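Peer 1: Following this line is upload03.txt, made up of compact mmCIF, C-alpha atoms:
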# COMPACT_ATOMS: atom_id res chain seq x y z
CA HIS A 67 68.69 101.63 -21.82
CA VAL A 68 66.33 99.04 -20.44
CA MET A 69 63.08 99.39 -22.34
CA LYS A 70 60.08 99.48 -20.03
CA LYS A 71 56.69 97.98 -20.88
CA ASP A 72 55.20 101.48 -20.95
CA ASN A 73 57.64 102.62 -23.56
CA PHE A 74 57.13 103.30 -27.20
CA ILE A 75 59.53 104.46 -29.90
CA HIS A 76 58.54 106.68 -32.82
CA LEU A 77 59.73 104.97 -36.00
CA HIS A 78 58.09 107.23 -38.62
CA VAL A 79 59.25 110.82 -38.24
CA HIS A 80 59.64 113.75 -40.66
CA SER A 81 61.97 116.67 -40.03
CA GLU A 82 62.28 119.91 -42.00
CA TYR A 83 64.41 117.88 -44.43
CA SER A 84 61.12 116.43 -45.72
CA LEU A 85 61.10 119.57 -47.82
CA LEU A 86 57.95 121.72 -47.48
CA ASP A 87 56.19 118.79 -45.84
CA GLY A 88 57.84 118.25 -42.44
CA ALA A 89 57.96 121.06 -39.88
CA CYS A 90 60.12 119.54 -37.12
CA LYS A 91 63.62 120.78 -36.38
CA ILE A 92 66.07 117.99 -35.57
CA GLY A 93 67.10 119.45 -32.20
CA ASP A 94 63.44 119.75 -31.17
CA LEU A 95 62.78 116.11 -32.06
CA VAL A 96 65.69 114.91 -29.91
CA ASP A 97 64.70 117.17 -27.00
CA LYS A 98 61.13 115.88 -27.14
CA ALA A 99 62.34 112.26 -27.00
CA ILE A 100 64.33 113.13 -23.86
CA GLN A 101 61.40 114.98 -22.30
CA LEU A 102 59.10 111.98 -22.89
CA LYS A 103 61.80 109.53 -21.68
CA MET A 104 61.93 107.75 -25.03
CA PRO A 105 65.39 106.14 -25.29
CA ALA A 106 65.46 106.02 -29.10
CA LEU A 107 64.01 107.86 -32.08
CA ALA A 108 63.92 107.35 -35.85
CA LEU A 109 64.25 109.85 -38.67
CA THR A 110 62.43 108.89 -41.90
CA ASP A 111 62.35 111.87 -44.21
CA HIS A 112 60.63 111.73 -47.60
CA GLY A 113 62.90 110.56 -50.39
CA ASN A 114 66.19 111.72 -48.85
CA MET A 115 68.83 111.18 -46.16
CA PHE A 116 69.85 114.85 -45.92
CA GLY A 117 69.28 115.00 -42.17
CA ALA A 118 70.90 111.69 -41.21
CA VAL A 119 74.30 112.92 -39.99
CA GLU A 120 72.90 115.98 -38.19
CA PHE A 121 70.29 113.77 -36.51
CA TYR A 122 72.84 111.09 -35.59
CA GLU A 123 75.13 113.62 -33.93
CA ALA A 124 72.31 115.47 -32.14
CA ALA A 125 70.81 112.24 -30.76
CA LYS A 126 74.13 110.66 -29.78
CA SER A 127 75.29 113.80 -27.97
CA LYS A 128 72.18 113.70 -25.78
CA GLY A 129 72.07 109.97 -25.11
CA VAL A 130 69.16 109.15 -27.43
CA LYS A 131 69.67 106.21 -29.78
CA PRO A 132 69.36 107.42 -33.39
CA ILE A 133 67.53 105.11 -35.82
CA LEU A 134 68.34 106.09 -39.37
CA GLY A 135 65.78 105.54 -42.06
CA TYR A 136 63.84 107.12 -44.86
CA GLU A 137 60.42 107.04 -46.42
CA ALA A 138 60.93 105.91 -49.99
CA TYR A 139 58.77 106.60 -53.02
CA VAL A 140 58.30 103.31 -54.86
CA ALA A 141 57.38 103.43 -58.56
CA GLN A 142 54.49 101.25 -59.69
CA GLY A 143 56.63 99.63 -62.41
CA SER A 144 60.28 100.36 -63.12
CA ARG A 145 61.97 103.48 -61.75
CA LEU A 146 63.29 103.98 -65.31
CA ASP A 147 59.78 104.39 -66.79
CA LYS A 148 59.01 108.07 -67.19
CA GLU A 149 55.50 108.07 -68.64
CA SER A 150 52.57 108.96 -66.49
CA LYS A 151 49.23 107.26 -66.81
CA ASN A 152 46.62 110.05 -67.15
CA GLY A 153 49.07 112.77 -66.19
CA LYS A 154 49.72 111.51 -62.70
CA GLU A 155 51.96 108.66 -61.66
CA THR A 156 50.96 106.39 -58.83
CA ILE A 157 53.83 106.08 -56.40
CA SER A 158 53.62 104.23 -53.11
CA HIS A 159 55.36 105.09 -49.87
CA ILE A 160 57.34 102.63 -47.78
CA THR A 161 59.27 103.13 -44.52
CA LEU A 162 62.84 101.76 -44.39
CA LEU A 163 65.10 101.62 -41.31
CA ALA A 164 68.80 100.73 -41.13
CA GLU A 165 69.47 97.81 -38.81
CA ASN A 166 73.26 98.09 -39.15
CA ASN A 167 75.98 99.86 -41.11
CA GLU A 168 75.38 97.73 -44.20
CA GLY A 169 71.73 98.80 -44.06
CA TYR A 170 72.75 102.44 -43.75
CA ARG A 171 74.96 102.11 -46.83
CA ASN A 172 72.07 100.49 -48.69
CA LEU A 173 69.79 103.40 -47.76
CA LEU A 174 72.36 105.78 -49.24
CA LYS A 175 72.50 103.68 -52.43
CA LEU A 176 68.71 103.61 -52.70
CA THR A 177 68.25 107.33 -52.23
CA THR A 178 71.11 108.16 -54.63
CA SER A 179 69.67 105.92 -57.36
CA ALA A 180 66.23 107.41 -56.69
CA TYR A 181 67.57 110.85 -57.61
CA LEU A 182 69.97 109.87 -60.40
CA GLU A 183 67.95 107.17 -62.18
CA GLY A 184 64.41 107.18 -60.86
CA PHE A 185 63.62 110.88 -60.61
CA TYR A 186 60.24 111.67 -62.15
CA TYR A 187 58.36 114.37 -60.22
CA LYS A 188 59.84 112.71 -57.12
CA PRO A 189 62.97 110.62 -56.40
CA ARG A 190 61.68 107.08 -56.96
CA ILE A 191 63.01 103.60 -56.41
CA ASP A 192 61.44 100.31 -57.52
CA LYS A 193 61.26 96.75 -56.24
CA ALA A 194 64.23 95.60 -58.33
CA LEU A 195 66.42 98.20 -56.64
CA LEU A 196 65.02 97.25 -53.23
CA LYS A 197 65.81 93.61 -53.88
CA ALA A 198 69.42 94.47 -54.72
CA HIS A 199 69.83 96.61 -51.59
CA SER A 200 67.63 95.03 -48.94
CA ALA A 201 70.43 93.69 -46.72
CA GLY A 202 70.55 95.23 -43.27
CA LEU A 203 67.17 96.94 -43.68
CA ILE A 204 63.95 96.66 -41.71
CA CYS A 205 60.90 97.49 -43.79
CA LEU A 206 57.62 98.85 -42.41
CA SER A 207 54.81 98.62 -44.96
CA GLY A 208 54.13 102.36 -44.98
CA CYS A 209 51.43 104.97 -44.44
CA MET A 210 48.00 105.37 -46.06
CA THR A 211 49.65 105.80 -49.45
CA SER A 212 51.53 102.50 -49.24
CA GLU A 213 50.83 99.95 -51.96
CA ILE A 214 49.14 97.64 -49.46
CA ASN A 215 46.86 100.34 -48.03
CA ARG A 216 45.99 101.63 -51.52
CA TYR A 217 44.63 98.18 -52.37
CA LEU A 218 42.78 97.92 -49.04
CA VAL A 219 41.13 101.31 -49.62
CA GLN A 220 39.91 99.99 -53.00
CA ASN A 221 38.59 96.81 -51.32
CA ARG A 222 41.17 94.73 -53.21
CA GLY A 223 42.13 92.48 -50.31
CA GLU A 224 43.66 89.76 -52.48
CA ASP A 225 46.00 92.23 -54.16
CA ALA A 226 46.98 93.60 -50.75
CA SER A 227 47.82 90.08 -49.51
CA ARG A 228 49.84 89.44 -52.65
CA VAL A 229 51.95 92.56 -52.02
CA VAL A 230 52.49 91.53 -48.37
CA GLN A 231 53.85 88.23 -49.66
CA GLU A 232 56.08 90.07 -52.19
CA TYR A 233 57.66 92.19 -49.45
CA LYS A 234 58.00 89.17 -47.19
CA ASP A 235 59.90 87.40 -49.96
CA LEU A 236 61.97 90.50 -50.64
CA PHE A 237 63.06 91.26 -47.08
CA GLY A 238 62.65 87.89 -45.41
CA PRO A 239 59.86 87.37 -42.88
CA ASP A 240 61.75 88.84 -39.94
CA PRO A 241 62.58 92.36 -41.17
CA PHE A 242 59.12 93.07 -42.64
CA TYR A 243 56.35 94.63 -40.52
CA LEU A 244 52.82 95.78 -41.30
CA GLU A 245 52.70 99.44 -40.33
CA ILE A 246 49.49 100.68 -38.72
CA GLN A 247 48.55 104.31 -38.12
CA ASN A 248 45.52 106.06 -36.76
CA ASN A 249 45.59 109.84 -36.89
CA GLY A 250 41.82 110.22 -36.74
CA ILE A 251 41.30 109.95 -40.50
CA GLU A 252 38.08 108.08 -41.25
CA GLU A 253 39.57 105.32 -43.41
CA GLN A 254 42.39 104.48 -41.02
CA SER A 255 40.45 102.46 -38.46
CA ARG A 256 39.24 100.16 -41.22
CA LEU A 257 42.81 99.88 -42.56
CA VAL A 258 44.02 98.95 -39.07
CA SER A 259 41.51 96.13 -38.66
CA GLU A 260 42.29 94.84 -42.17
CA ALA A 261 46.02 94.92 -41.35
CA VAL A 262 45.34 92.93 -38.17
CA ALA A 263 43.52 90.31 -40.26
CA ILE A 264 46.26 90.17 -42.92
CA GLY A 265 48.91 89.98 -40.20
CA ARG A 266 47.19 87.03 -38.59
CA LYS A 267 46.85 85.25 -41.92
CA SER A 268 50.37 85.93 -43.19
CA GLY A 269 52.25 85.80 -39.89
CA VAL A 270 53.64 89.31 -40.45
CA PRO A 271 53.93 91.29 -37.18
CA LEU A 272 52.31 94.72 -36.75
CA VAL A 273 54.03 97.94 -35.75
CA ALA A 274 52.33 101.19 -34.70
CA THR A 275 53.62 104.54 -35.95
CA ASN A 276 52.26 108.08 -35.88
CA ASP A 277 53.76 109.67 -39.01
CA ILE A 278 55.07 112.78 -37.21
CA HIS A 279 55.09 115.94 -39.37
CA TYR A 280 55.06 118.65 -36.66
CA MET A 281 55.95 118.90 -32.99
CA ASN A 282 52.70 119.82 -31.20
CA ARG A 283 49.00 119.46 -31.90
CA ASP A 284 48.56 123.21 -32.37
CA ASP A 285 51.28 123.35 -35.04
CA ALA A 286 48.78 121.73 -37.43
CA THR A 287 47.65 125.11 -38.80
CA ALA A 288 51.20 126.21 -39.59
CA HIS A 289 51.85 122.82 -41.18
CA ASP A 290 48.76 123.25 -43.35
CA ALA A 291 50.20 126.54 -44.60
CA LEU A 292 53.51 124.78 -45.34
CA LEU A 293 51.65 122.23 -47.50
CA CYS A 294 50.02 125.11 -49.40
CA ILE A 295 53.43 126.58 -50.18
CA ASN A 296 54.55 123.13 -51.33
CA THR A 297 51.57 122.58 -53.63
CA GLY A 298 51.11 126.20 -54.78
CA LYS A 299 47.61 126.44 -53.34
CA HIS A 300 45.70 128.88 -51.13
CA LEU A 301 44.48 127.91 -47.65
CA SER A 302 40.95 128.68 -48.87
CA ASP A 303 41.12 126.13 -51.71
CA VAL A 304 38.65 123.34 -51.04
CA GLN A 305 40.19 120.83 -53.45
CA ARG A 306 43.79 121.03 -52.24
CA MET A 307 45.88 118.36 -50.53
CA ARG A 308 45.52 118.51 -46.76
CA PHE A 309 46.12 116.20 -43.81
CA GLY A 310 42.61 116.67 -42.48
CA THR A 311 43.34 116.22 -38.75
CA ASN A 312 45.71 117.73 -36.17
CA GLU A 313 47.05 114.35 -34.99
CA PHE A 314 50.36 114.20 -36.87
CA TYR A 315 52.41 115.49 -33.93
CA PHE A 316 54.98 113.99 -31.55
CA LYS A 317 52.67 111.95 -29.29
CA ASN A 318 53.65 110.56 -25.90
CA PHE A 319 53.21 106.95 -24.83
CA GLN A 320 49.80 107.55 -23.20
CA GLU A 321 48.47 109.08 -26.42
CA MET A 322 49.79 106.21 -28.55
CA HIS A 323 48.47 103.66 -26.06
CA ALA A 324 45.03 105.28 -26.14
CA VAL A 325 44.93 104.76 -29.91
CA PHE A 326 46.33 101.21 -29.99
CA GLN A 327 45.45 99.71 -26.60
CA GLN A 328 43.62 96.86 -28.36
CA ILE A 329 46.84 95.93 -30.19
CA PRO A 330 49.58 96.23 -27.54
CA GLU A 331 52.01 94.09 -29.54
CA ALA A 332 52.12 96.82 -32.22
CA LEU A 333 53.47 99.21 -29.55
CA GLU A 334 55.88 96.63 -28.10
CA ASN A 335 57.25 95.87 -31.56
CA THR A 336 58.52 99.46 -31.81
CA ILE A 337 60.88 98.62 -28.95
CA LYS A 338 61.94 95.33 -30.53
CA ILE A 339 62.78 97.18 -33.75
CA ALA A 340 64.60 99.97 -31.88
CA ASN A 341 66.74 97.35 -30.13
CA ARG A 342 67.66 95.81 -33.49
CA CYS A 343 68.78 99.06 -35.11
CA ASN A 344 72.43 99.77 -34.34
CA VAL A 345 74.23 102.00 -36.81
CA GLU A 346 77.61 103.35 -35.71
CA MET A 347 79.08 106.27 -37.63
CA SER A 348 82.70 107.26 -37.22
CA PHE A 349 83.72 110.73 -38.32
CA GLY A 350 87.10 112.13 -39.26
CA LYS A 351 88.68 108.85 -40.33
What does this structure look like when you write it as structure tokens?

Peer 2:
Amino acid sequence: HVMKKDNFIHLHVHSEYSLLDGACKIGDLVDKAIQLKMPALALTDHGNMFGAVEFYEAAKSKGVKPILGYEAYVAQGSRLDKESKNGKETISHITLLAENNEGYRNLLKLTTSAYLEGFYYKPRIDKALLKAHSAGLICLSGCMTSEINRYLVQNRGEDASRVVQEYKDLFGPDPFYLEIQNNGIEEQSRLVSEAVAIGRKSGVPLVATNDIHYMNRDDATAHDALLCINTGKHLSDVQRMRFGTNEFYFKNFQEMHAVFQQIPEALENTIKIANRCNVEMSFGK
């Protein structure tokens, strides 16, 4: 596929394998990519690779390039530490994509270790494990609950810059991108402008994602109910976890461009990344 200037690839996508958190069926995701003339699509479920083979086969059979990834939970310290500070452990999210077959194998190693060694409320990895298995991976810095964004929300810019440098050292400058999102949540526009500043200073390129959790805008209500099942809360609870907007759906290029028209390189970088990701699976051998 020749990528056109007006193209954009979704690199942060949750299917129903993001258990009780994602509401997209794999077939629907692939069909939507075809409908919107998007030549490639990523799958980045929370903490697991359960959907990878199904997604790979569905995408390949319809001529969409599958990009295999996952959204990892990274422990604050070591994945082997199982004590929580004040009853709740701070874990950060990070988006990982396989650039090649070695990267795909590393994703499988990471997610397996996350369950077998790091599991504490959620399947966690840590930076030591990432360092050991970073070959063949492209790393996007993650959503609002990434380590970098957590520091930016707390106005700790120096700490955020330090973490950017850590990830740059870990992955090498080329495979590390600052991920920017804007789903209409108040804090996000500030996070985007801070990321632009950090990117300029550190030389780390930006990439725009939408963090897809459901197919269409009006699925937001059903998704909200899904989150309630996940967290054992009622829809009427004021204090519960919620996404807060109805923007976490499969947007088309025009919608993504409207959000990030001031930062066109963040859209173009999705295509550069998609071109770099080439995992080939062979079955039955």

Peer 1: I need the residue nearest Ile204 in chain A from this list: A:Glu137, A:Asp87, A:Glu183, A:Glu224. Use only C-alpha atoms for the distance.

Peer 2: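 Ranking A:Glu137, A:Asp87, A:Glu183, A:Glu224 by distance to Ile204 in chain A, first place goes to A:Glu137.
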
Peer 1: Adding 6 Å on each side of the box along x, y and z that holds all listed atoms of range 324-342 of chain A, could you give its centre and edge lengths in Å to one decimal, as AutoDock Vina command-line options?

Peer 2:
--center_x 55.6 --center_y 99.7 --center_z -29.9 --size_x 36.0 --size_y 23.2 --size_z 19.6

Peer 1: Under the rule that all atoms listed in the file are counted, which of A:Glu213, A:Ser127, A:Leu86, A:Ser144 is the nearest residue to Leu293 in chain A?

Peer 2: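 Checking each candidate against Leu293 in chain A, we get A:Leu86 as the closest.
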
Peer 1: Could you list, as a list in words, every residue within 6 Å of range 103-108 of chain A, counting only C-alpha atoms and ignoring same-chain residues fewer than 3 positions away?

Peer 2: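 The contact residues come out as His76, Leu77, Ala99, Ile100, Val130, Lys131, Pro132, Ile133 and Leu134 of chain A.
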
Peer 1: Once you have the residues from the selection above, write them out as a compact mmCIF listing (two decimals), keeping the file's coordinate frame, restricted to C-alpha atoms.

Peer 2:
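Dumped to again35.txt:
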# COMPACT_ATOMS: atom_id res chain seq x y z
CA HIS A 76 58.54 106.68 -32.82
CA LEU A 77 59.73 104.97 -36.00
CA ALA A 99 62.34 112.26 -27.00
CA ILE A 100 64.33 113.13 -23.86
CA VAL A 130 69.16 109.15 -27.43
CA LYS A 131 69.67 106.21 -29.78
CA PRO A 132 69.36 107.42 -33.39
CA ILE A 133 67.53 105.11 -35.82
CA LEU A 134 68.34 106.09 -39.37

Peer 1: In the coordinate frame of the file, compute which residues have an atom within 12 Å of (62.4, 115.1, -32.1) when using all atoms listed in the file, and state them as JSON, numbers by chain.

Peer 2: {"A": [75, 76, 77, 78, 79, 80, 81, 82, 88, 89, 90, 91, 92, 93, 94, 95, 96, 97, 98, 99, 100, 101, 102, 103, 104, 105, 106, 107, 108, 109, 110, 121, 122, 124, 125, 128, 130, 131, 132, 133, 278, 279, 280, 281, 282, 315, 316, 317, 318]}

Peer 1: To one decimal in Å, tell me the separation between CA of Thr156 in chain A and CA of Gln142 in chain A.

Peer 2: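 For CA of Thr156 in chain A relative to CA of Gln142 in chain A, the distance reads 6.3 Å.
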
Peer 1: Please indicate the distance in Å from CA of Leu162 in chain A to CA of Leu333 in chain A, rounded to one decimal place.

Peer 2: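 Going from CA of Leu162 in chain A over to CA of Leu333 in chain A covers 17.7 Å.
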
Peer 1: For a quick check of understanding, using all atoms listed in the file, which of A:Gly223, A:Gly238, A:Gly143, A:Gly184 has the smallest distance to Ser200 in chain A?

Peer 2: A:Gly238

Peer 1: Using all atoms listed in the file for the distances, tell me which of A:Ile246, A:Ile157, A:Leu203, A:Val230 is nearest to Ser259 in chain A.

Peer 2: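 For Ser259 in chain A, the nearest of the candidates is A:Ile246.
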
Peer 1: Go through A:Gly265, A:Gly113, A:Pro330, A:Gly135 one by one, measure the shortest atom-to-atom distance of each to Lys188 in chain A using all atoms listed in the file, and give the residue with the smallest value.

Peer 2: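 Looking at the shortest contact to Lys188 in chain A, the residue is A:Gly113.
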
Peer 1: Quick one: everything within 9 Å of Leu257 in chain A, counting all atoms listed in the file, minus sequence neighbours fewer than 2 positions away in the same chain. Send it as a PyMOL selection string.

Peer 2: chain A and resi 210+215+218-219+246-248+253-255+259-262

Peer 1: At a cut-off of 8 Å, can you tabulate as JSON lines every residue of range 129-237 of chain A near range 334-350 of chain A together with its closest atom pair and the distance in Å to one decimal, using only C-alpha atoms and ordering rows by chain then number?

Peer 2:
{"residue": "A:Ile133", "atom": "CA", "partner": "A:Cys343", "partner_atom": "CA", "distance": 6.2}
{"residue": "A:Leu134", "atom": "CA", "partner": "A:Val345", "partner_atom": "CA", "distance": 7.6}
{"residue": "A:Leu163", "atom": "CA", "partner": "A:Cys343", "partner_atom": "CA", "distance": 7.7}
{"residue": "A:Ala164", "atom": "CA", "partner": "A:Cys343", "partner_atom": "CA", "distance": 6.2}
{"residue": "A:Glu165", "atom": "CA", "partner": "A:Cys343", "partner_atom": "CA", "distance": 4.0}
{"residue": "A:Asn166", "atom": "CA", "partner": "A:Val345", "partner_atom": "CA", "distance": 4.7}
{"residue": "A:Asn167", "atom": "CA", "partner": "A:Val345", "partner_atom": "CA", "distance": 5.1}
{"residue": "A:Tyr170", "atom": "CA", "partner": "A:Val345", "partner_atom": "CA", "distance": 7.1}

Peer 1: For the atom pair CA of Pro239 in chain A and CA of Val270 in chain A, what is the interatomic distance in Å to one decimal place?

Peer 2: 7.0 Å

Peer 1: At a cut-off of 7 Å, using only C-alpha atoms, what residues contact Tyr83 in chain A? Leave out same-chain residues fewer than 4 positions from it and give the result as number ranges by chain.

Peer 2: A: 88, 111, 116-117

Peer 1: Using only C-alpha atoms, list the residues that have an atom at most 12 Å from (74.2, 98.7, -57.1), coordinates as in the file, as a list of chain:residue names.

Peer 2: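 Residues satisfying the cut-off, written out: A:Arg171, A:Asn172, A:Leu173, A:Leu174, A:Lys175, A:Leu176, A:Thr177, A:Thr178, A:Ser179, A:Ala180, A:Glu183, A:Ala194, A:Leu195, A:Leu196, A:Lys197, A:Ala198, A:His199, A:Ser200.
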
Peer 1: Using all atoms listed in the file, which residue out of A:Ala118, A:Val229, A:Leu244, A:Ala138 lies closest to Val273 in chain A?

Peer 2: A:Leu244

Peer 1: For Ile329 in chain A, list every protein, DNA or RNA residue within 9 Å, evaluated using all atoms listed in the file, and leave out those in the same chain fewer than 3 positions away; present the list as a list in words.

Peer 2: Val262, Leu272, Ala274, His323, Phe326, Ala332 and Leu333 of chain A
